[in-house]
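Asker: Just upload-v4.cif, nothing more (mmCIF, C-alpha atoms):
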data_model
#
loop_
_atom_site.group_PDB
_atom_site.id
_atom_site.type_symbol
_atom_site.label_atom_id
_atom_site.label_comp_id
_atom_site.auth_asym_id
_atom_site.auth_seq_id
_atom_site.Cartn_x
_atom_site.Cartn_y
_atom_site.Cartn_z
ATOM 1 C CA MET A 62 95.481 31.305 -0.276
ATOM 2 C CA MET A 63 94.226 32.559 -3.581
ATOM 3 C CA GLY A 64 92.375 29.282 -4.095
ATOM 4 C CA ILE A 65 90.676 29.743 -0.723
ATOM 5 C CA LYS A 66 89.717 33.318 -1.469
ATOM 6 C CA ASN A 67 88.330 32.571 -4.921
ATOM 7 C CA PHE A 68 86.418 29.577 -3.623
ATOM 8 C CA GLN A 69 84.678 31.400 -0.802
ATOM 9 C CA THR A 70 84.155 34.930 -2.078
ATOM 10 C CA VAL A 71 82.610 36.464 -5.171
ATOM 11 C CA LYS A 72 84.324 39.131 -7.241
ATOM 12 C CA ARG A 73 81.283 41.375 -7.713
ATOM 13 C CA ASP A 74 80.514 44.124 -5.199
ATOM 14 C CA SER A 75 76.876 44.066 -4.133
ATOM 15 C CA ILE A 76 74.691 44.635 -1.102
ATOM 16 C CA PHE A 77 75.330 41.022 -0.083
ATOM 17 C CA THR A 78 79.093 41.630 0.190
ATOM 18 C CA ARG A 79 78.590 44.798 2.241
ATOM 19 C CA ILE A 80 76.198 43.581 4.935
ATOM 20 C CA ASP A 81 77.332 41.806 8.097
ATOM 21 C CA PHE A 82 77.395 38.016 8.253
ATOM 22 C CA ARG A 83 74.997 38.064 11.211
ATOM 23 C CA THR A 84 72.469 39.738 8.935
ATOM 24 C CA LYS A 85 73.024 36.984 6.374
ATOM 25 C CA LEU A 86 72.459 34.350 9.064
ATOM 26 C CA VAL A 87 69.075 35.923 9.838
ATOM 27 C CA MET A 88 68.234 35.965 6.112
ATOM 28 C CA ILE A 89 69.287 32.329 5.699
ATOM 29 C CA GLY A 90 67.226 31.319 8.734
ATOM 30 C CA VAL A 91 64.104 33.177 7.576
ATOM 31 C CA ILE A 92 64.278 31.883 3.994
ATOM 32 C CA THR A 93 64.869 28.330 5.221
ATOM 33 C CA LEU A 94 61.921 28.498 7.628
ATOM 34 C CA ILE A 95 59.596 29.903 4.950
ATOM 35 C CA ALA A 96 60.723 27.232 2.481
ATOM 36 C CA PHE A 97 60.117 24.586 5.130
ATOM 37 C CA ILE A 98 56.610 25.875 5.970
ATOM 38 C CA TRP A 99 55.259 26.437 2.461
ATOM 39 C CA GLU A 100 53.773 23.451 0.641
ATOM 40 C CA SER A 101 52.574 25.022 -2.595
ATOM 41 C CA PRO A 102 54.774 24.361 -5.644
ATOM 42 C CA ILE A 103 53.806 27.835 -6.899
ATOM 43 C CA THR A 104 55.074 29.787 -3.888
ATOM 44 C CA GLU A 105 58.060 27.470 -3.480
ATOM 45 C CA GLY A 106 58.953 27.978 -7.140
ATOM 46 C CA LEU A 107 58.771 31.754 -6.767
ATOM 47 C CA LEU A 108 60.938 31.599 -3.646
ATOM 48 C CA THR A 109 63.517 29.404 -5.397
ATOM 49 C CA LEU A 110 63.576 31.739 -8.394
ATOM 50 C CA SER A 111 64.072 34.752 -6.108
ATOM 51 C CA VAL A 112 66.988 33.109 -4.292
ATOM 52 C CA ALA A 113 68.570 32.015 -7.602
ATOM 53 C CA LEU A 114 68.312 35.573 -8.995
ATOM 54 C CA ALA A 115 69.798 36.917 -5.760
ATOM 55 C CA CYS A 116 72.733 34.513 -6.196
ATOM 56 C CA LEU A 117 73.343 35.798 -9.720
ATOM 57 C CA VAL A 118 73.085 39.426 -8.581
ATOM 58 C CA ALA A 119 75.560 38.685 -5.771
ATOM 59 C CA GLY A 120 78.028 37.286 -8.303
ATOM 60 C CA VAL A 121 77.749 33.542 -7.679
ATOM 61 C CA LYS A 122 78.972 31.938 -10.888
ATOM 62 C CA LEU A 123 76.376 30.465 -13.220
ATOM 63 C CA ASN A 124 78.491 27.353 -13.845
ATOM 64 C CA TYR A 125 78.460 26.670 -10.095
ATOM 65 C CA LEU A 126 74.652 26.712 -10.101
ATOM 66 C CA GLY A 127 74.642 24.482 -13.191
ATOM 67 C CA THR A 128 77.025 22.006 -11.565
ATOM 68 C CA LEU A 129 74.837 21.982 -8.476
ATOM 69 C CA LEU A 130 71.777 21.120 -10.554
ATOM 70 C CA LYS A 131 73.639 18.345 -12.384
ATOM 71 C CA ILE A 132 74.689 16.795 -9.079
ATOM 72 C CA MET A 133 71.176 16.988 -7.636
ATOM 73 C CA LEU A 134 69.370 15.875 -10.822
ATOM 74 C CA PRO A 135 69.415 12.081 -10.157
ATOM 75 C CA PHE A 136 68.128 12.675 -6.625
ATOM 76 C CA TYR A 137 65.370 14.951 -7.908
ATOM 77 C CA ILE A 138 64.249 12.409 -10.528
ATOM 78 C CA PHE A 139 64.072 9.702 -7.865
ATOM 79 C CA LEU A 140 62.237 12.090 -5.540
ATOM 80 C CA LEU A 141 59.688 13.030 -8.206
ATOM 81 C CA LEU A 142 58.938 9.393 -9.100
ATOM 82 C CA SER A 143 58.722 8.234 -5.488
ATOM 83 C CA MET A 144 56.402 11.080 -4.514
ATOM 84 C CA GLY A 145 54.190 10.483 -7.537
ATOM 85 C CA LEU A 146 53.890 6.747 -6.890
ATOM 86 C CA PHE A 147 53.979 6.261 -3.135
ATOM 87 C CA ASN A 148 53.136 9.513 -1.374
ATOM 88 C CA VAL A 149 49.393 8.932 -1.254
ATOM 89 C CA SER A 150 48.139 9.411 2.305
ATOM 90 C CA GLN A 151 49.964 12.699 2.886
ATOM 91 C CA VAL A 152 48.776 14.196 -0.399
ATOM 92 C CA LYS A 153 45.193 13.126 0.331
ATOM 93 C CA LEU A 154 45.447 14.882 3.678
ATOM 94 C CA LEU A 155 46.782 18.062 2.079
ATOM 95 C CA THR A 156 44.224 18.154 -0.746
ATOM 96 C CA HIS A 157 41.252 16.877 1.332
ATOM 97 C CA LYS A 158 40.441 14.469 -1.494
ATOM 98 C CA GLU A 159 39.392 10.831 -1.218
ATOM 99 C CA GLU A 160 40.825 9.893 -4.624
ATOM 100 C CA LEU A 161 43.844 11.331 -6.389
ATOM 101 C CA THR A 162 44.046 12.153 -10.097
ATOM 102 C CA THR A 163 45.783 9.298 -11.887
ATOM 103 C CA MET A 164 48.387 10.397 -14.404
ATOM 104 C CA LEU A 165 50.000 7.021 -15.154
ATOM 105 C CA THR A 166 49.324 3.400 -14.220
ATOM 106 C CA ILE A 167 52.210 0.929 -14.086
ATOM 107 C CA PRO A 168 51.442 -2.396 -15.892
ATOM 108 C CA THR A 169 50.626 -5.193 -13.477
ATOM 109 C CA SER A 170 53.271 -7.409 -15.088
ATOM 110 C CA TRP A 171 56.057 -5.185 -13.742
ATOM 111 C CA TRP A 172 57.926 -6.470 -10.703
ATOM 112 C CA PHE A 173 57.386 -4.585 -7.438
ATOM 113 C CA LEU A 174 55.740 -1.559 -9.111
ATOM 114 C CA GLY A 175 53.044 -3.518 -10.949
ATOM 115 C CA GLY A 176 49.634 -1.863 -10.607
ATOM 116 C CA ALA A 177 50.961 1.275 -8.911
ATOM 117 C CA LYS A 178 49.437 4.598 -9.926
ATOM 118 C CA MET A 179 51.302 7.842 -10.366
ATOM 119 C CA SER A 180 49.132 10.742 -9.269
ATOM 120 C CA VAL A 181 49.166 14.343 -10.477
ATOM 121 C CA GLU A 182 48.967 15.553 -6.889
ATOM 122 C CA GLY A 183 51.954 13.416 -5.914
ATOM 123 C CA ILE A 184 54.005 14.850 -8.773
ATOM 124 C CA LEU A 185 53.046 18.388 -7.711
ATOM 125 C CA TYR A 186 54.088 17.647 -4.157
ATOM 126 C CA GLY A 187 57.370 16.224 -5.479
ATOM 127 C CA ILE A 188 57.947 19.468 -7.394
ATOM 128 C CA ASN A 189 57.290 21.340 -4.160
ATOM 129 C CA VAL A 190 59.916 19.262 -2.325
ATOM 130 C CA ILE A 191 62.404 19.843 -5.158
ATOM 131 C CA PHE A 192 61.918 23.615 -4.950
ATOM 132 C CA LYS A 193 62.121 23.408 -1.159
ATOM 133 C CA THR A 194 65.511 21.668 -1.197
ATOM 134 C CA LEU A 195 66.801 23.894 -4.006
ATOM 135 C CA THR A 196 65.980 27.002 -1.976
ATOM 136 C CA MET A 197 67.792 25.649 1.063
ATOM 137 C CA VAL A 198 70.810 24.677 -1.043
ATOM 138 C CA LEU A 199 71.034 27.954 -2.993
ATOM 139 C CA VAL A 200 70.686 30.224 0.032
ATOM 140 C CA ILE A 201 73.922 28.840 1.558
ATOM 141 C CA PRO A 202 76.347 30.163 -1.124
ATOM 142 C CA LEU A 203 74.389 33.422 -1.065
ATOM 143 C CA GLY A 204 75.542 33.889 2.515
ATOM 144 C CA ILE A 205 78.925 32.155 2.530
ATOM 145 C CA PHE A 206 80.396 32.994 -0.888
ATOM 146 C CA THR A 207 79.740 36.719 -0.311
ATOM 147 C CA THR A 208 81.613 36.820 3.008
ATOM 148 C CA ASP A 209 85.310 36.773 3.796
ATOM 149 C CA VAL A 210 86.196 33.927 6.157
ATOM 150 C CA ASN A 211 87.866 36.225 8.701
ATOM 151 C CA GLN A 212 84.877 38.553 8.839
ATOM 152 C CA MET A 213 82.637 35.503 9.089
ATOM 153 C CA ILE A 214 84.508 34.238 12.151
ATOM 154 C CA VAL A 215 84.279 37.578 13.997
ATOM 155 C CA SER A 216 80.563 37.901 13.180
ATOM 156 C CA MET A 217 79.795 34.420 14.482
ATOM 157 C CA VAL A 218 81.744 35.075 17.688
ATOM 158 C CA LYS A 219 79.827 38.328 18.219
ATOM 159 C CA ALA A 220 76.622 36.361 17.659
ATOM 160 C CA LYS A 221 77.598 34.409 20.841
ATOM 161 C CA ILE A 222 78.307 31.195 18.940
ATOM 162 C CA PRO A 223 80.915 29.105 20.857
ATOM 163 C CA TYR A 224 84.366 29.668 19.417
ATOM 164 C CA LYS A 225 85.069 25.943 19.079
ATOM 165 C CA ILE A 226 82.074 25.609 16.738
ATOM 166 C CA VAL A 227 83.187 28.712 14.830
ATOM 167 C CA PHE A 228 86.703 27.310 14.472
ATOM 168 C CA ILE A 229 85.434 23.941 13.192
ATOM 169 C CA PHE A 230 83.165 25.729 10.689
ATOM 170 C CA SER A 231 85.935 28.007 9.405
ATOM 171 C CA SER A 232 88.448 25.152 9.208
ATOM 172 C CA THR A 233 85.977 23.134 7.151
ATOM 173 C CA LEU A 234 85.579 26.031 4.708
ATOM 174 C CA ARG A 235 89.343 26.374 4.402
ATOM 175 C CA PHE A 236 89.804 22.661 3.746
ATOM 176 C CA PHE A 237 87.359 22.501 0.813
ATOM 177 C CA PRO A 238 89.543 24.345 -1.746
ATOM 178 C CA VAL A 239 92.571 22.323 -0.607
ATOM 179 C CA LEU A 240 90.685 19.079 -1.227
ATOM 180 C CA PHE A 241 89.502 20.266 -4.641
ATOM 181 C CA GLU A 242 93.059 21.188 -5.598
ATOM 182 C CA GLU A 243 94.242 17.733 -4.549
ATOM 183 C CA ILE A 244 91.514 16.087 -6.621
ATOM 184 C CA GLN A 245 92.612 18.137 -9.618
ATOM 185 C CA SER A 246 96.270 17.240 -9.013
ATOM 186 C CA ILE A 247 95.476 13.514 -8.815
ATOM 187 C CA ILE A 248 93.418 13.631 -12.019
ATOM 188 C CA GLU A 249 96.158 15.604 -13.803
ATOM 189 C CA ALA A 250 98.678 12.973 -12.723
ATOM 190 C CA GLN A 251 96.447 10.275 -14.206
ATOM 191 C CA ARG A 252 96.142 12.285 -17.437
ATOM 192 C CA LEU A 253 99.935 12.366 -17.710
ATOM 193 C CA ARG A 254 99.846 8.583 -17.548
ATOM 194 C CA GLY A 255 97.535 8.440 -20.572
ATOM 195 C CA LEU A 256 94.080 8.622 -18.981
ATOM 196 C CA ALA A 257 91.650 10.184 -21.494
ATOM 197 C CA PHE A 258 89.179 11.527 -18.949
ATOM 198 C CA GLU A 259 87.184 13.653 -21.444
ATOM 199 C CA LYS A 260 86.415 10.645 -23.663
ATOM 200 C CA MET A 261 84.932 8.545 -20.851
ATOM 201 C CA VAL A 262 81.234 7.954 -20.290
ATOM 202 C CA TRP A 263 79.740 8.925 -16.933
ATOM 203 C CA LEU A 264 80.017 5.388 -15.493
ATOM 204 C CA GLN A 265 83.745 5.245 -16.264
ATOM 205 C CA ARG A 266 84.210 8.679 -14.714
ATOM 206 C CA ILE A 267 82.557 7.464 -11.513
ATOM 207 C CA ARG A 268 85.076 4.616 -11.354
ATOM 208 C CA VAL A 269 87.934 7.087 -11.802
ATOM 209 C CA TYR A 270 86.604 9.287 -8.999
ATOM 210 C CA ALA A 271 86.317 6.172 -6.826
ATOM 211 C CA THR A 272 90.046 5.524 -7.284
ATOM 212 C CA VAL A 273 90.749 9.174 -6.441
ATOM 213 C CA ALA A 274 88.913 8.793 -3.120
ATOM 214 C CA VAL A 275 91.578 6.605 -1.464
ATOM 215 C CA PRO A 276 94.595 8.974 -1.750
ATOM 216 C CA LEU A 277 92.309 11.941 -1.115
ATOM 217 C CA ILE A 278 91.047 10.500 2.183
ATOM 218 C CA LEU A 279 94.587 9.590 3.250
ATOM 219 C CA ASN A 280 95.850 13.119 2.491
ATOM 220 C CA ALA A 281 92.900 14.648 4.340
ATOM 221 C CA MET A 282 93.616 12.491 7.405
ATOM 222 C CA THR A 283 97.271 13.518 7.313
ATOM 223 C CA LYS A 284 96.364 17.218 7.162
ATOM 224 C CA SER A 285 93.840 16.880 9.984
ATOM 225 C CA GLN A 286 96.441 15.163 12.179
ATOM 226 C CA THR A 287 98.941 17.927 11.373
ATOM 227 C CA LEU A 288 96.348 20.533 12.333
ATOM 228 C CA GLU A 289 95.708 18.696 15.609
ATOM 229 C CA VAL A 290 99.430 18.741 16.464
ATOM 230 C CA VAL A 291 99.674 22.453 15.654
ATOM 231 C CA LEU A 292 96.676 23.283 17.851
ATOM 232 C CA GLN A 293 98.055 21.269 20.747
ATOM 233 C CA SER A 294 101.491 22.890 20.420
ATOM 234 C CA LYS A 295 99.856 26.315 20.619
ATOM 235 C CA ALA A 296 97.674 25.315 23.610
ATOM 236 C CA PHE A 297 94.421 25.941 21.785
ATOM 237 C CA SER A 298 91.682 26.386 24.403
ATOM 238 C CA GLY A 299 88.696 27.397 22.294
ATOM 239 C CA SER A 300 88.130 30.581 24.275
ATOM 240 C CA SER A 301 86.549 33.518 22.431
ATOM 241 C CA GLN A 302 88.438 36.005 24.623
ATOM 242 C CA ARG A 303 91.094 36.936 22.093
ATOM 243 C CA THR A 304 92.187 39.825 19.907
ATOM 244 C CA TYR A 305 90.717 39.978 16.383
ATOM 245 C CA LEU A 306 92.317 41.764 13.463
ATOM 246 C CA HIS A 307 89.015 42.218 11.601
ATOM 247 C CA GLU A 308 85.864 43.957 12.794
ATOM 248 C CA SER A 309 82.201 43.102 12.472
ATOM 249 C CA ILE A 310 79.828 46.052 12.792
ATOM 250 C CA LEU A 311 76.077 46.145 12.313
ATOM 251 C CA ARG A 312 75.154 49.221 10.304
ATOM 252 C CA THR A 313 71.818 50.859 9.557
ATOM 253 C CA THR A 314 71.396 48.725 6.428
ATOM 254 C CA ASP A 315 71.882 45.582 8.496
ATOM 255 C CA TYR A 316 69.186 46.574 10.983
ATOM 256 C CA TRP A 317 66.800 47.372 8.131
ATOM 257 C CA ILE A 318 67.410 43.995 6.492
ATOM 258 C CA VAL A 319 67.067 42.103 9.789
ATOM 259 C CA GLY A 320 63.804 43.921 10.539
ATOM 260 C CA SER A 321 62.508 43.298 7.021
ATOM 261 C CA SER A 322 63.417 39.612 7.231
ATOM 262 C CA VAL A 323 61.582 39.173 10.524
ATOM 263 C CA GLY A 324 58.616 41.109 9.122
ATOM 264 C CA LEU A 325 58.614 38.925 6.012
ATOM 265 C CA PHE A 326 58.524 35.802 8.163
ATOM 266 C CA ILE A 327 55.606 37.123 10.221
ATOM 267 C CA LEU A 328 53.769 38.103 7.017
ATOM 268 C CA ALA A 329 54.370 34.637 5.552
ATOM 269 C CA LEU A 330 52.849 33.064 8.680
ATOM 270 C CA ILE A 331 49.820 35.380 8.560
ATOM 271 C CA VAL A 332 48.991 34.749 4.901
ATOM 272 C CA TYR A 333 49.677 31.020 5.304
ATOM 273 C CA PHE A 334 47.387 30.389 8.258
ATOM 274 C CA GLY A 335 44.929 33.231 7.586
ATOM 275 C CA PHE A 336 44.477 33.117 3.807
ATOM 276 C CA GLY A 337 45.974 29.772 2.790
ATOM 277 C CA VAL A 338 48.750 31.340 0.699
ATOM 278 C CA GLY A 339 51.536 28.783 0.516
ATOM 279 C CA GLN A 340 49.392 25.803 1.395
ATOM 280 C CA PHE A 341 49.443 22.902 -1.043
ATOM 281 C CA ALA A 342 45.937 23.477 -2.435
ATOM 282 C CA TRP A 343 46.490 27.229 -2.943
ATOM 283 C CA LEU A 344 45.663 28.266 -6.558
ATOM 284 C CA ILE A 345 45.453 24.585 -7.529
ATOM 285 C CA TYR A 346 42.316 23.242 -5.849
ATOM 286 C CA SER A 347 40.943 26.443 -4.357
#
Could you show the structure in this file as structure tokens?

Answerer:
Amino acid sequence: MMGIKNFQTVKRDSIFTRIDFRTKLVMIGVITLIAFIWESPITEGLLTLSVALACLVAGVKLNYLGTLLKIMLPFYIFLLLSMGLFNVSQVKLLTHKEELTTMLTIPTSWWFLGGAKMSVEGILYGINVIFKTLTMVLVIPLGIFTTDVNQMIVSMVKAKIPYKIVFIFSSTLRFFPVLFEEIQSIIEAQRLRGLAFEKMVWLQRIRVYATVAVPLILNAMTKSQTLEVVLQSKAFSGSSQRTYLHESILRTTDYWIVGSSVGLFILALIVYFGFGVGQFAWLIYS
């Protein structure tokens, strides 16, 4: 249980740990919608920076954010190159330009990419997409890691979310630390057999993790089948009409934050459609 608690909650007391989970759901929804609407790499970068700072203030560990960036880095490199080389028509539509600014031309002798041009506008749009996905990824631990699972369940039920969905969501969160502990146990067992994991290059580590996947999947299937038997033996119906040990109460702070979040979303729409703030050409080609 300690592994579950440490995985899902932060140790630092902040405003994010004190507000209700329903308030956090509104915040997550608003931030995600704004990140989805904005196209400017400038506004998206500021939004990503704000969410990252909020994560640090809330107590989300810096090494977690670093690990997240390392995992996403290959995808972001591929995304940046593909947007710079191939995303032409959409960028022309956003910039209202007939020709894009060429930053790099691939030699014609290259297979498949020969003669392709990497545009500055495409790279900028790729940066925008990177910030967009980073914002959506970082806002999740800001809401989940600062909330106890039991309080999260009660809040979601009070938000009229079907209990079966709430149960699946909470069970998934509880399974993650168990899976990570099993991965660590399997790797430790391989270390005892002489596996020098720290001395391996990244390709060799990938092969080791591939071998870990088989027993991990089998153990996960066994645990899921055990959970199914337990639920059937207790006649689990999925009804939300039950007694809850924990409470979920919306306080004055929650109402203020919900109102501010909705107001922020309306303001973002007004400045986007009325003044062009957040559009791709804002402060770049204006």

Asker: Find the residues near stretch 304-320 of chain A: any atom within 7 Å, counting only C-alpha atoms, skip ones fewer than 6 places away on the same chain, and give them as a ChimeraX atom specification.

Answerer: /A:80-81,84,87,211-212,215-216

Asker: Please report as a tab-separated table every residue of stretch 182-228 of chain A lying within 7 Å of stretch 129-152 of chain A, along with the nearest atom pair and their distance in Å (one decimal), using only C-alpha atoms.

Answerer:
residue	atom	partner	partner_atom	distance
A:Glu182	CA	A:Val152	CA	6.6
A:Gly183	CA	A:Gly145	CA	4.0
A:Ile184	CA	A:Gly145	CA	4.5
A:Tyr186	CA	A:Met144	CA	7.0
A:Gly187	CA	A:Leu141	CA	4.8
A:Ile188	CA	A:Leu141	CA	6.7
A:Ile191	CA	A:Tyr137	CA	6.3

Asker: Suppose a student applies the PyMOL selection byres ((chain A and resi 243) around 12) to this structure; what residues should they get, written as a PyMOL selection string?

Answerer: chain A and resi 64+236-242+244-250+273-281+284

Asker: Give me the residues within 6 Å of stretch 174-180 of chain A as an MDAnalysis selection string, counting only C-alpha atoms and dropping any in the same chain fewer than 6 places off.

Answerer: chainID A and resid 145:146 162:168

Asker: I need the residue set behind the PyMOL selection byres ((chain A and resi 218-227) around 8) for this file; please write it as a count of residues only.

Answerer: 13

Asker: Using Å and a single decimal, report how far atom CA of A:Leu86 sits from atom CA of A:Ile98.

Answerer: 18.2 Å

Asker: Just the residues within 6 Å of stretch 196-199 of chain A, please, counting all atoms listed in the file, with nothing from its chain fewer than 3 positions along; format it as a list of chain:residue names.

Answerer: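 In the requested format, the answer is A:Thr93, A:Thr109, A:Lys193.
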
Asker: Quick one: distance from atom CA of A:Val118 to atom CA of A:Ser75 in Å, one decimal?

Answerer: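 Distance between the two atoms: 7.5 Å.
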
Asker: Which residue out of A:Ser232, A:Ser101, A:Val200, A:Glu160 has the minimum interatomic distance to A:Leu288 when all atoms listed in the file are used?

Answerer: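 Under the stated criterion, the closest residue is A:Ser232.
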
Asker: Just give me the gap between atom CA of A:Leu123 and atom CA of A:Trp263 in Å, one decimal is fine.

Answerer: 22.1 Å
